[in-house]
Amino acid sequence: MKQDMIVILDLGSTENTVIAREIRDMGVYSEIHPHDITVEELKALDNVKGIILNGGENRMVDGEAVDVCPELYSLGYPMMAIGHPTAKCEECYDETVGEDVLRKFLFETCKAESNWNMKNFVEDQVELIRKQVGDRKVLLALSGGVDSSVVAALLIKAIGKQLVCVHVNHGLMRKGESESVVEVFKNQMDANLVYVDASERFLGKLEGVEDPEQKRKIIGAEFIRVFEEEARKLEGIDFLAQGTIYPDIVESGTKTAKVVKSHHNVGGLPEDLQFDLVEPLYYLFKDEVRACGVELGLPHGMVYRQPFPGPGLGVRCLGAITRERLEAVRESDAILREEFEKAGLDKKVWQYFTVVPDFKSVGVKDNARCFEYPVILRAVNTIDAMSASIEHIDWAVLDKITDRILKEVKNVNRVCYDMSPKPCATIEWE
Ligand code: XMP
């Protein structure tokens with residue numbers, strides 16, 4: 001890492017990520033570390049220009065009062081305490097720190113250089129990845145989601161064909177999604193990509209399964225099985241790349257980086273397939289991951305796509321999945337996305353999709369009675385997905401979407417708009 005760094009030591013604040021973000025927004029790289037970091041661990045970090053003791057109200061971790069290791073105070077790093085002041089630290093601030101105070105600390109006291117940007121990050125990572133991997137091979141499960149796509153692009157830049165991407169199409173992807181993974185990574189970026197069409201296999205396993213949690217479990221377990229089978233076919237793989245990002249590590253509050261890290265491992269692969277990990281996005285926040293994707297030349301739609309659950313359309317085709325209703329979810333979702341894009345709503349609404357329940361209602365089509373499925377539209381905004389409000393959409397846009405779905409999607413005779421906030425409803429229907 002060539003870039004200057006400010007170390008934030010977590011002394012029980014809930015604001016660690018807020019401060020880290022603020023510092024990075026000022027162009028200085030920052031990392032959050034646990035309060036009990038040792039002198040050796042601190043010295044092992046590159047280019048540390050200063051330390052922030054982030055104490056919050058009471059400097060408590062798990063109910064116990066904490067301080068950093070006393071020798072840290074005598075290492076000569078510029079230090080600043082936020083929250084409760086400390087007698088040993090020269091620059092102490094009692095309250096939440098203001099932007100100007102932070103700026104003064106970074107640029108005057110620590111003399112940090114404002115050189116944190118995605119171009120430098122990519123350069124650094126390419127170098128680090130090459131050093132870690134050498135001439136060996138890396139495996140990546142490439143779903144086409146933001147994180148795995150950015151990891152893929154970064155690794156392709158660093159080690160080219162030494163990266164083997166495996167894309168498992170579980171048959172529950174949105175319209176055109178798997179195709180775009182192949183187009184972008186295989187055709188445009190010339191990646192070593194193994195495309196596995198496992199649609200039939202997943203649909204077979206899911207046949208007749210109604211319970212949402214059971215469906216999730218089956219999809220998750222089958223995904224690992226397919227990926228494992230592909231991994232066993234490949235020879236000489238030493239590393240597994242993962243799209244782990246910073247919020248996965250330091251969520252908030254008193255969970256220090258150290259504690260959370262030990263819970264984090266390779267999900268579900270059997271022991272003889274435990275590879276060493278390559279996690280180049282480990283220290284990035286979500287918006288930085290997107291900026292990194294843009295820097296690497298990934299298409300806008302891939303980098304800024306809305307969140308999509310792992311079980312995919314499987315939890316939007318309610319109850320026991322049938323091909324007929326899955327097709328209706330996929331086609332109606334594509335129409336909704338197209339119309340949202342045309343209306344500029346794709347940039348405004350956090351998540352939007354369609355749901356097809358497993359019951360029919362009576363209607364008339366071409367002067368004849370019909371008995372077909374409804375499509376439910378859902379569009380929500382949220383900060384953290386814990387609570388959500390619905391988007392108030394123009395009638396004209398809703399009219400257009402309804403009209404198109406009723407004309408273009410088979411087996412559908414009714415369109416409804418879900419008005420429910422979370423709580424009481426969840427964002428997904430299952
Ligand atoms: P809910 O429905 O719980 O959704 O309000 C909150 C957010 O989580 C996503 N979600 C999932 N993501 N696997 C995932 O990877 C899942 O099983 C799953 N279930 C819900 C949902 O799309 C929303 O963004």
# chains A, B, ... in the order shown; residues from 1 in each chain; ligands from 1
>>> residues_near_ligand(ligand="ligand 1", cutoff="7 Å", atoms="only C-alpha atoms and all ligand atoms", output="PyMOL selection string")
chain A and resi 216+307-311+351+385-386+422+426-430
>>> residues_around(residues="A:Asp197", least_positions_apart="4", cutoff="8 Å", atoms="only C-alpha atoms", output="ChimeraX atom specification")
/A:168-171
>>> select_by_dssp(residues="stretch 67-133 of chain A", states="helix (DSSP H, G or I)", output="PDB file with all heavy atoms, in the first residue's frame")
ATOM      1  N   PRO A  70      -0.603   0.654  26.464  1.00  0.00           N
ATOM      2  CA  PRO A  70       0.046   1.911  26.851  1.00  0.00           C
ATOM      3  C   PRO A  70       1.237   2.302  25.971  1.00  0.00           C
ATOM      4  O   PRO A  70       1.467   3.485  25.713  1.00  0.00           O
ATOM      5  CB  PRO A  70       0.514   1.656  28.285  1.00  0.00           C
ATOM      6  CG  PRO A  70      -0.170   0.430  28.736  1.00  0.00           C
ATOM      7  CD  PRO A  70      -0.678  -0.308  27.557  1.00  0.00           C
ATOM      8  N   GLU A  71       1.952   1.288  25.443  1.00  0.00           N
ATOM      9  CA  GLU A  71       3.133   1.638  24.619  1.00  0.00           C
ATOM     10  C   GLU A  71       2.774   2.378  23.330  1.00  0.00           C
ATOM     11  O   GLU A  71       3.605   3.056  22.754  1.00  0.00           O
ATOM     12  CB  GLU A  71       3.911   0.376  24.216  1.00  0.00           C
ATOM     13  CG  GLU A  71       4.644  -0.303  25.336  1.00  0.00           C
ATOM     14  CD  GLU A  71       4.054  -1.666  25.615  1.00  0.00           C
ATOM     15  OE1 GLU A  71       4.308  -2.596  24.826  1.00  0.00           O
ATOM     16  OE2 GLU A  71       3.301  -1.801  26.605  1.00  0.00           O
ATOM     17  N   LEU A  72       1.512   2.218  22.895  1.00  0.00           N
ATOM     18  CA  LEU A  72       1.125   2.897  21.656  1.00  0.00           C
ATOM     19  C   LEU A  72       1.285   4.405  21.780  1.00  0.00           C
ATOM     20  O   LEU A  72       1.564   5.100  20.817  1.00  0.00           O
ATOM     21  CB  LEU A  72      -0.335   2.589  21.282  1.00  0.00           C
ATOM     22  CG  LEU A  72      -0.701   1.195  20.787  1.00  0.00           C
ATOM     23  CD1 LEU A  72      -2.079   1.220  20.149  1.00  0.00           C
ATOM     24  CD2 LEU A  72       0.294   0.682  19.764  1.00  0.00           C
ATOM     25  N   TYR A  73       1.095   4.895  23.033  1.00  0.00           N
ATOM     26  CA  TYR A  73       1.162   6.341  23.231  1.00  0.00           C
ATOM     27  C   TYR A  73       2.574   6.890  23.035  1.00  0.00           C
ATOM     28  O   TYR A  73       2.766   8.060  22.814  1.00  0.00           O
ATOM     29  CB  TYR A  73       0.679   6.701  24.649  1.00  0.00           C
ATOM     30  CG  TYR A  73      -0.807   6.489  24.848  1.00  0.00           C
ATOM     31  CD1 TYR A  73      -1.278   5.425  25.605  1.00  0.00           C
ATOM     32  CD2 TYR A  73      -1.729   7.372  24.284  1.00  0.00           C
ATOM     33  CE1 TYR A  73      -2.637   5.226  25.794  1.00  0.00           C
ATOM     34  CE2 TYR A  73      -3.086   7.188  24.468  1.00  0.00           C
ATOM     35  CZ  TYR A  73      -3.540   6.105  25.231  1.00  0.00           C
ATOM     36  OH  TYR A  73      -4.885   5.927  25.408  1.00  0.00           O
ATOM     37  N   SER A  74       3.573   6.014  23.145  1.00  0.00           N
ATOM     38  CA  SER A  74       4.947   6.520  23.076  1.00  0.00           C
ATOM     39  C   SER A  74       5.636   6.207  21.748  1.00  0.00           C
ATOM     40  O   SER A  74       6.849   6.311  21.628  1.00  0.00           O
ATOM     41  CB  SER A  74       5.756   5.969  24.248  1.00  0.00           C
ATOM     42  OG  SER A  74       5.589   4.571  24.310  1.00  0.00           O
ATOM     43  N   GLU A  99     -15.899  18.340  10.829  1.00  0.00           N
ATOM     44  CA  GLU A  99     -15.122  18.099   9.617  1.00  0.00           C
ATOM     45  C   GLU A  99     -13.824  18.896   9.601  1.00  0.00           C
ATOM     46  O   GLU A  99     -12.764  18.390   9.234  1.00  0.00           O
ATOM     47  CB  GLU A  99     -15.972  18.444   8.393  1.00  0.00           C
ATOM     48  CG  GLU A  99     -15.371  17.908   7.121  1.00  0.00           C
ATOM     49  CD  GLU A  99     -15.981  18.515   5.871  1.00  0.00           C
ATOM     50  OE1 GLU A  99     -17.215  18.620   5.816  1.00  0.00           O
ATOM     51  OE2 GLU A  99     -15.209  18.869   4.963  1.00  0.00           O
ATOM     52  N   ASP A 100     -13.911  20.181  10.047  1.00  0.00           N
ATOM     53  CA  ASP A 100     -12.718  21.027   9.999  1.00  0.00           C
ATOM     54  C   ASP A 100     -11.637  20.536  10.965  1.00  0.00           C
ATOM     55  O   ASP A 100     -10.455  20.597  10.674  1.00  0.00           O
ATOM     56  CB  ASP A 100     -13.085  22.489  10.281  1.00  0.00           C
ATOM     57  CG  ASP A 100     -14.046  22.618  11.438  1.00  0.00           C
ATOM     58  OD1 ASP A 100     -14.694  21.604  11.785  1.00  0.00           O
ATOM     59  OD2 ASP A 100     -14.136  23.710  12.023  1.00  0.00           O
ATOM     60  N   VAL A 101     -12.088  20.005  12.101  1.00  0.00           N
ATOM     61  CA  VAL A 101     -11.142  19.485  13.089  1.00  0.00           C
ATOM     62  C   VAL A 101     -10.429  18.259  12.517  1.00  0.00           C
ATOM     63  O   VAL A 101      -9.211  18.115  12.621  1.00  0.00           O
ATOM     64  CB  VAL A 101     -11.890  19.105  14.400  1.00  0.00           C
ATOM     65  CG1 VAL A 101     -10.947  18.420  15.371  1.00  0.00           C
ATOM     66  CG2 VAL A 101     -12.513  20.339  15.019  1.00  0.00           C
ATOM     67  N   LEU A 102     -11.222  17.411  11.880  1.00  0.00           N
ATOM     68  CA  LEU A 102     -10.681  16.189  11.285  1.00  0.00           C
ATOM     69  C   LEU A 102      -9.691  16.546  10.173  1.00  0.00           C
ATOM     70  O   LEU A 102      -8.596  15.997  10.087  1.00  0.00           O
ATOM     71  CB  LEU A 102     -11.840  15.356  10.732  1.00  0.00           C
ATOM     72  CG  LEU A 102     -11.579  13.886  10.443  1.00  0.00           C
ATOM     73  CD1 LEU A 102     -11.023  13.167  11.651  1.00  0.00           C
ATOM     74  CD2 LEU A 102     -12.886  13.208  10.007  1.00  0.00           C
ATOM     75  N   ARG A 103     -10.089  17.500   9.356  1.00  0.00           N
ATOM     76  CA  ARG A 103      -9.248  17.936   8.237  1.00  0.00           C
ATOM     77  C   ARG A 103      -7.900  18.459   8.748  1.00  0.00           C
ATOM     78  O   ARG A 103      -6.844  18.142   8.209  1.00  0.00           O
ATOM     79  CB  ARG A 103     -10.010  19.032   7.471  1.00  0.00           C
ATOM     80  CG  ARG A 103      -9.550  19.241   6.060  1.00  0.00           C
ATOM     81  CD  ARG A 103     -10.478  20.201   5.335  1.00  0.00           C
ATOM     82  NE  ARG A 103     -11.648  19.541   4.768  1.00  0.00           N
ATOM     83  CZ  ARG A 103     -11.618  18.796   3.661  1.00  0.00           C
ATOM     84  NH1 ARG A 103     -10.488  18.609   3.009  1.00  0.00           N
ATOM     85  NH2 ARG A 103     -12.711  18.218   3.210  1.00  0.00           N
ATOM     86  N   LYS A 104      -7.976  19.268   9.816  1.00  0.00           N
ATOM     87  CA  LYS A 104      -6.766  19.850  10.406  1.00  0.00           C
ATOM     88  C   LYS A 104      -5.860  18.719  10.919  1.00  0.00           C
ATOM     89  O   LYS A 104      -4.647  18.745  10.714  1.00  0.00           O
ATOM     90  CB  LYS A 104      -7.184  20.779  11.554  1.00  0.00           C
ATOM     91  CG  LYS A 104      -6.043  21.578  12.112  1.00  0.00           C
ATOM     92  CD  LYS A 104      -6.566  22.725  12.998  1.00  0.00           C
ATOM     93  CE  LYS A 104      -5.456  23.211  13.922  1.00  0.00           C
ATOM     94  NZ  LYS A 104      -5.557  22.788  15.291  1.00  0.00           N
ATOM     95  N   PHE A 105      -6.479  17.748  11.572  1.00  0.00           N
ATOM     96  CA  PHE A 105      -5.690  16.618  12.102  1.00  0.00           C
ATOM     97  C   PHE A 105      -4.991  15.863  10.967  1.00  0.00           C
ATOM     98  O   PHE A 105      -3.794  15.588  11.019  1.00  0.00           O
ATOM     99  CB  PHE A 105      -6.593  15.683  12.917  1.00  0.00           C
ATOM    100  CG  PHE A 105      -5.871  14.467  13.446  1.00  0.00           C
ATOM    101  CD1 PHE A 105      -4.925  14.586  14.470  1.00  0.00           C
ATOM    102  CD2 PHE A 105      -6.116  13.197  12.926  1.00  0.00           C
ATOM    103  CE1 PHE A 105      -4.234  13.464  14.952  1.00  0.00           C
ATOM    104  CE2 PHE A 105      -5.433  12.076  13.402  1.00  0.00           C
ATOM    105  CZ  PHE A 105      -4.488  12.215  14.418  1.00  0.00           C
ATOM    106  N   LEU A 106      -5.754  15.552   9.920  1.00  0.00           N
ATOM    107  CA  LEU A 106      -5.199  14.763   8.814  1.00  0.00           C
ATOM    108  C   LEU A 106      -4.072  15.486   8.091  1.00  0.00           C
ATOM    109  O   LEU A 106      -2.993  14.929   7.881  1.00  0.00           O
ATOM    110  CB  LEU A 106      -6.283  14.449   7.767  1.00  0.00           C
ATOM    111  CG  LEU A 106      -7.490  13.629   8.190  1.00  0.00           C
ATOM    112  CD1 LEU A 106      -8.384  13.377   6.979  1.00  0.00           C
ATOM    113  CD2 LEU A 106      -7.061  12.310   8.785  1.00  0.00           C
ATOM    114  N   PHE A 107      -4.362  16.732   7.715  1.00  0.00           N
ATOM    115  CA  PHE A 107      -3.439  17.392   6.792  1.00  0.00           C
ATOM    116  C   PHE A 107      -2.383  18.260   7.471  1.00  0.00           C
ATOM    117  O   PHE A 107      -1.319  18.473   6.920  1.00  0.00           O
ATOM    118  CB  PHE A 107      -4.229  18.177   5.745  1.00  0.00           C
ATOM    119  CG  PHE A 107      -5.138  17.282   4.939  1.00  0.00           C
ATOM    120  CD1 PHE A 107      -6.523  17.380   5.030  1.00  0.00           C
ATOM    121  CD2 PHE A 107      -4.599  16.302   4.112  1.00  0.00           C
ATOM    122  CE1 PHE A 107      -7.354  16.535   4.307  1.00  0.00           C
ATOM    123  CE2 PHE A 107      -5.424  15.450   3.385  1.00  0.00           C
ATOM    124  CZ  PHE A 107      -6.802  15.572   3.483  1.00  0.00           C
ATOM    125  N   GLU A 108      -2.683  18.776   8.701  1.00  0.00           N
ATOM    126  CA  GLU A 108      -1.684  19.608   9.382  1.00  0.00           C
ATOM    127  C   GLU A 108      -0.903  18.792  10.408  1.00  0.00           C
ATOM    128  O   GLU A 108       0.319  18.762  10.389  1.00  0.00           O
ATOM    129  CB  GLU A 108      -2.357  20.819  10.037  1.00  0.00           C
ATOM    130  CG  GLU A 108      -2.822  21.811   8.993  1.00  0.00           C
ATOM    131  CD  GLU A 108      -3.585  22.983   9.574  1.00  0.00           C
ATOM    132  OE1 GLU A 108      -3.339  23.342  10.747  1.00  0.00           O
ATOM    133  OE2 GLU A 108      -4.454  23.518   8.857  1.00  0.00           O
ATOM    134  N   THR A 109      -1.626  18.096  11.279  1.00  0.00           N
ATOM    135  CA  THR A 109      -0.925  17.348  12.328  1.00  0.00           C
ATOM    136  C   THR A 109      -0.219  16.117  11.749  1.00  0.00           C
ATOM    137  O   THR A 109       0.950  15.887  11.995  1.00  0.00           O
ATOM    138  CB  THR A 109      -1.929  16.907  13.422  1.00  0.00           C
ATOM    139  OG1 THR A 109      -2.745  18.022  13.764  1.00  0.00           O
ATOM    140  CG2 THR A 109      -1.204  16.408  14.662  1.00  0.00           C
ATOM    141  N   MET A 118      -9.398   5.454  -6.543  1.00  0.00           N
ATOM    142  CA  MET A 118      -9.552   4.101  -7.086  1.00  0.00           C
ATOM    143  C   MET A 118      -8.441   3.713  -8.053  1.00  0.00           C
ATOM    144  O   MET A 118      -8.109   2.549  -8.176  1.00  0.00           O
ATOM    145  CB  MET A 118     -10.918   3.947  -7.748  1.00  0.00           C
ATOM    146  CG  MET A 118     -11.996   3.678  -6.739  1.00  0.00           C
ATOM    147  SD  MET A 118     -11.541   2.276  -5.685  1.00  0.00           S
ATOM    148  CE  MET A 118     -11.948   2.955  -4.091  1.00  0.00           C
ATOM    149  N   LYS A 119      -7.877   4.715  -8.726  1.00  0.00           N
ATOM    150  CA  LYS A 119      -6.787   4.410  -9.655  1.00  0.00           C
ATOM    151  C   LYS A 119      -5.606   3.842  -8.863  1.00  0.00           C
ATOM    152  O   LYS A 119      -5.054   2.803  -9.210  1.00  0.00           O
ATOM    153  CB  LYS A 119      -6.385   5.689 -10.396  1.00  0.00           C
ATOM    154  CG  LYS A 119      -5.487   5.455 -11.566  1.00  0.00           C
ATOM    155  CD  LYS A 119      -5.353   6.741 -12.390  1.00  0.00           C
ATOM    156  CE  LYS A 119      -4.288   6.548 -13.446  1.00  0.00           C
ATOM    157  NZ  LYS A 119      -2.934   6.472 -12.867  1.00  0.00           N
ATOM    158  N   ASN A 120      -5.256   4.514  -7.772  1.00  0.00           N
ATOM    159  CA  ASN A 120      -4.156   4.036  -6.924  1.00  0.00           C
ATOM    160  C   ASN A 120      -4.497   2.713  -6.263  1.00  0.00           C
ATOM    161  O   ASN A 120      -3.652   1.833  -6.121  1.00  0.00           O
ATOM    162  CB  ASN A 120      -3.825   5.061  -5.831  1.00  0.00           C
ATOM    163  CG  ASN A 120      -3.158   6.287  -6.408  1.00  0.00           C
ATOM    164  OD1 ASN A 120      -2.672   6.254  -7.530  1.00  0.00           O
ATOM    165  ND2 ASN A 120      -3.145   7.375  -5.655  1.00  0.00           N
ATOM    166  N   PHE A 121      -5.776   2.578  -5.849  1.00  0.00           N
ATOM    167  CA  PHE A 121      -6.195   1.329  -5.206  1.00  0.00           C
ATOM    168  C   PHE A 121      -6.003   0.150  -6.161  1.00  0.00           C
ATOM    169  O   PHE A 121      -5.460  -0.885  -5.790  1.00  0.00           O
ATOM    170  CB  PHE A 121      -7.664   1.418  -4.752  1.00  0.00           C
ATOM    171  CG  PHE A 121      -8.195   0.104  -4.235  1.00  0.00           C
ATOM    172  CD1 PHE A 121      -7.931  -0.311  -2.941  1.00  0.00           C
ATOM    173  CD2 PHE A 121      -8.950  -0.735  -5.053  1.00  0.00           C
ATOM    174  CE1 PHE A 121      -8.395  -1.536  -2.470  1.00  0.00           C
ATOM    175  CE2 PHE A 121      -9.416  -1.960  -4.598  1.00  0.00           C
ATOM    176  CZ  PHE A 121      -9.143  -2.355  -3.299  1.00  0.00           C
ATOM    177  N   VAL A 122      -6.460   0.334  -7.396  1.00  0.00           N
ATOM    178  CA  VAL A 122      -6.348  -0.750  -8.381  1.00  0.00           C
ATOM    179  C   VAL A 122      -4.875  -1.095  -8.610  1.00  0.00           C
ATOM    180  O   VAL A 122      -4.494  -2.267  -8.605  1.00  0.00           O
ATOM    181  CB  VAL A 122      -7.063  -0.370  -9.701  1.00  0.00           C
ATOM    182  CG1 VAL A 122      -6.713  -1.340 -10.818  1.00  0.00           C
ATOM    183  CG2 VAL A 122      -8.582  -0.337  -9.492  1.00  0.00           C
ATOM    184  N   GLU A 123      -4.051  -0.061  -8.767  1.00  0.00           N
ATOM    185  CA  GLU A 123      -2.609  -0.305  -8.966  1.00  0.00           C
ATOM    186  C   GLU A 123      -2.008  -1.097  -7.807  1.00  0.00           C
ATOM    187  O   GLU A 123      -1.301  -2.073  -8.008  1.00  0.00           O
ATOM    188  CB  GLU A 123      -1.864   1.027  -9.073  1.00  0.00           C
ATOM    189  CG  GLU A 123      -1.718   1.516 -10.491  1.00  0.00           C
ATOM    190  CD  GLU A 123      -1.089   2.896 -10.535  1.00  0.00           C
ATOM    191  OE1 GLU A 123      -0.253   3.207  -9.661  1.00  0.00           O
ATOM    192  OE2 GLU A 123      -1.477   3.666 -11.431  1.00  0.00           O
ATOM    193  N   ASP A 124      -2.327  -0.657  -6.591  1.00  0.00           N
ATOM    194  CA  ASP A 124      -1.824  -1.349  -5.388  1.00  0.00           C
ATOM    195  C   ASP A 124      -2.268  -2.797  -5.361  1.00  0.00           C
ATOM    196  O   ASP A 124      -1.495  -3.703  -5.096  1.00  0.00           O
ATOM    197  CB  ASP A 124      -2.402  -0.691  -4.119  1.00  0.00           C
ATOM    198  CG  ASP A 124      -1.593   0.519  -3.702  1.00  0.00           C
ATOM    199  OD1 ASP A 124      -0.517   0.741  -4.280  1.00  0.00           O
ATOM    200  OD2 ASP A 124      -2.053   1.231  -2.797  1.00  0.00           O
ATOM    201  N   GLN A 125      -3.566  -3.017  -5.622  1.00  0.00           N
ATOM    202  CA  GLN A 125      -4.116  -4.368  -5.523  1.00  0.00           C
ATOM    203  C   GLN A 125      -3.527  -5.295  -6.577  1.00  0.00           C
ATOM    204  O   GLN A 125      -3.250  -6.453  -6.299  1.00  0.00           O
ATOM    205  CB  GLN A 125      -5.655  -4.344  -5.642  1.00  0.00           C
ATOM    206  CG  GLN A 125      -6.349  -3.845  -4.398  1.00  0.00           C
ATOM    207  CD  GLN A 125      -5.972  -4.619  -3.147  1.00  0.00           C
ATOM    208  OE1 GLN A 125      -5.849  -5.837  -3.161  1.00  0.00           O
ATOM    209  NE2 GLN A 125      -5.771  -3.910  -2.048  1.00  0.00           N
ATOM    210  N   VAL A 126      -3.355  -4.771  -7.778  1.00  0.00           N
ATOM    211  CA  VAL A 126      -2.771  -5.587  -8.847  1.00  0.00           C
ATOM    212  C   VAL A 126      -1.406  -6.096  -8.394  1.00  0.00           C
ATOM    213  O   VAL A 126      -1.082  -7.284  -8.523  1.00  0.00           O
ATOM    214  CB  VAL A 126      -2.679  -4.773 -10.161  1.00  0.00           C
ATOM    215  CG1 VAL A 126      -1.741  -5.441 -11.167  1.00  0.00           C
ATOM    216  CG2 VAL A 126      -4.078  -4.604 -10.771  1.00  0.00           C
ATOM    217  N   GLU A 127      -0.636  -5.198  -7.809  1.00  0.00           N
ATOM    218  CA  GLU A 127       0.695  -5.560  -7.316  1.00  0.00           C
ATOM    219  C   GLU A 127       0.599  -6.598  -6.197  1.00  0.00           C
ATOM    220  O   GLU A 127       1.297  -7.616  -6.204  1.00  0.00           O
ATOM    221  CB  GLU A 127       1.361  -4.298  -6.791  1.00  0.00           C
ATOM    222  CG  GLU A 127       2.866  -4.332  -6.795  1.00  0.00           C
ATOM    223  CD  GLU A 127       3.406  -2.965  -6.395  1.00  0.00           C
ATOM    224  OE1 GLU A 127       3.214  -1.997  -7.174  1.00  0.00           O
ATOM    225  OE2 GLU A 127       3.945  -2.867  -5.297  1.00  0.00           O
ATOM    226  N   LEU A 128      -0.302  -6.358  -5.234  1.00  0.00           N
ATOM    227  CA  LEU A 128      -0.455  -7.269  -4.100  1.00  0.00           C
ATOM    228  C   LEU A 128      -0.940  -8.648  -4.534  1.00  0.00           C
ATOM    229  O   LEU A 128      -0.468  -9.677  -4.045  1.00  0.00           O
ATOM    230  CB  LEU A 128      -1.458  -6.689  -3.084  1.00  0.00           C
ATOM    231  CG  LEU A 128      -0.967  -5.512  -2.244  1.00  0.00           C
ATOM    232  CD1 LEU A 128      -2.124  -4.895  -1.451  1.00  0.00           C
ATOM    233  CD2 LEU A 128       0.132  -5.974  -1.282  1.00  0.00           C
ATOM    234  N   ILE A 129      -1.889  -8.670  -5.463  1.00  0.00           N
ATOM    235  CA  ILE A 129      -2.435  -9.953  -5.945  1.00  0.00           C
ATOM    236  C   ILE A 129      -1.332 -10.749  -6.632  1.00  0.00           C
ATOM    237  O   ILE A 129      -1.153 -11.934  -6.391  1.00  0.00           O
ATOM    238  CB  ILE A 129      -3.632  -9.728  -6.905  1.00  0.00           C
ATOM    239  CG1 ILE A 129      -4.828  -9.138  -6.153  1.00  0.00           C
ATOM    240  CG2 ILE A 129      -4.041 -11.040  -7.583  1.00  0.00           C
ATOM    241  CD1 ILE A 129      -5.899  -8.541  -7.048  1.00  0.00           C
ATOM    242  N   ARG A 130      -0.558 -10.062  -7.470  1.00  0.00           N
ATOM    243  CA  ARG A 130       0.535 -10.754  -8.182  1.00  0.00           C
ATOM    244  C   ARG A 130       1.541 -11.328  -7.192  1.00  0.00           C
ATOM    245  O   ARG A 130       2.022 -12.439  -7.364  1.00  0.00           O
ATOM    246  CB  ARG A 130       1.245  -9.793  -9.129  1.00  0.00           C
ATOM    247  CG  ARG A 130       0.413  -9.525 -10.362  1.00  0.00           C
ATOM    248  CD  ARG A 130       1.145  -8.630 -11.331  1.00  0.00           C
ATOM    249  NE  ARG A 130       0.279  -8.309 -12.456  1.00  0.00           N
ATOM    250  CZ  ARG A 130       0.371  -7.213 -13.186  1.00  0.00           C
ATOM    251  NH1 ARG A 130       1.301  -6.329 -12.923  1.00  0.00           N
ATOM    252  NH2 ARG A 130      -0.466  -7.002 -14.180  1.00  0.00           N
ATOM    253  N   LYS A 131       1.804 -10.570  -6.126  1.00  0.00           N
ATOM    254  CA  LYS A 131       2.756 -11.028  -5.123  1.00  0.00           C
ATOM    255  C   LYS A 131       2.210 -12.252  -4.379  1.00  0.00           C
ATOM    256  O   LYS A 131       2.902 -13.225  -4.153  1.00  0.00           O
ATOM    257  CB  LYS A 131       3.009  -9.883  -4.124  1.00  0.00           C
ATOM    258  CG  LYS A 131       4.408  -9.901  -3.555  1.00  0.00           C
ATOM    259  CD  LYS A 131       4.841  -8.531  -3.091  1.00  0.00           C
ATOM    260  CE  LYS A 131       4.745  -8.409  -1.592  1.00  0.00           C
ATOM    261  NZ  LYS A 131       4.933  -7.062  -1.093  1.00  0.00           N
ATOM    262  N   GLN A 132       0.906 -12.193  -4.044  1.00  0.00           N
ATOM    263  CA  GLN A 132       0.298 -13.295  -3.284  1.00  0.00           C
ATOM    264  C   GLN A 132       0.190 -14.561  -4.131  1.00  0.00           C
ATOM    265  O   GLN A 132       0.465 -15.654  -3.666  1.00  0.00           O
ATOM    266  CB  GLN A 132      -1.099 -12.889  -2.783  1.00  0.00           C
ATOM    267  CG  GLN A 132      -1.751 -13.959  -1.903  1.00  0.00           C
ATOM    268  CD  GLN A 132      -3.204 -13.646  -1.554  1.00  0.00           C
ATOM    269  OE1 GLN A 132      -3.787 -12.675  -2.037  1.00  0.00           O
ATOM    270  NE2 GLN A 132      -3.799 -14.482  -0.712  1.00  0.00           N
ATOM    271  N   VAL A 133      -0.221 -14.402  -5.384  1.00  0.00           N
ATOM    272  CA  VAL A 133      -0.587 -15.554  -6.211  1.00  0.00           C
ATOM    273  C   VAL A 133       0.592 -16.140  -6.993  1.00  0.00           C
ATOM    274  O   VAL A 133       0.647 -17.352  -7.216  1.00  0.00           O
ATOM    275  CB  VAL A 133      -1.727 -15.148  -7.181  1.00  0.00           C
ATOM    276  CG1 VAL A 133      -2.024 -16.246  -8.179  1.00  0.00           C
ATOM    277  CG2 VAL A 133      -2.986 -14.782  -6.401  1.00  0.00           C
TER     278      VAL A 133
END
>>> closest_residue(among="A:Leu142, A:Val66, A:Val362, A:Ala320", to="A:Phe223", atoms="only C-alpha atoms")
A:Leu142
>>> residues_around(residues="A:Arg136", least_positions_apart="6", cutoff="8 Å", atoms="only C-alpha atoms", output="list in words")
Gln162, Gly236, Ile237 and Asp238 of chain A
>>> residues_around(residues="A:Gly50", least_positions_apart="5", cutoff="7 Å", atoms="only C-alpha atoms", output="ChimeraX atom specification")
/A:6-7,77-79,110
>>> write_last_selection(atoms="N, CA and C atoms", output="mmCIF file, in the first residue's frame")
data_model
loop_
_atom_site.group_PDB
_atom_site.id
_atom_site.type_symbol
_atom_site.label_atom_id
_atom_site.label_comp_id
_atom_site.auth_asym_id
_atom_site.auth_seq_id
_atom_site.Cartn_x
_atom_site.Cartn_y
_atom_site.Cartn_z
ATOM 1 N N ILE A 6 -4.623 6.397 7.938
ATOM 2 C CA ILE A 6 -4.983 6.777 9.304
ATOM 3 C C ILE A 6 -5.615 5.539 9.941
ATOM 4 N N VAL A 7 -5.132 5.170 11.099
ATOM 5 C CA VAL A 7 -5.676 3.998 11.785
ATOM 6 C C VAL A 7 -6.713 4.455 12.811
ATOM 7 N N TYR A 77 3.387 8.441 16.932
ATOM 8 C CA TYR A 77 2.368 8.742 15.918
ATOM 9 C C TYR A 77 1.500 9.890 16.420
ATOM 10 N N PRO A 78 1.124 10.811 15.549
ATOM 11 C CA PRO A 78 0.134 11.802 15.966
ATOM 12 C C PRO A 78 -1.152 11.080 16.359
ATOM 13 N N MET A 79 -1.767 11.507 17.448
ATOM 14 C CA MET A 79 -2.984 10.829 17.928
ATOM 15 C C MET A 79 -4.085 11.832 18.192
ATOM 16 N N CYS A 110 -0.966 15.317 10.976
ATOM 17 C CA CYS A 110 -0.378 14.062 10.459
ATOM 18 C C CYS A 110 0.380 14.262 9.152
#
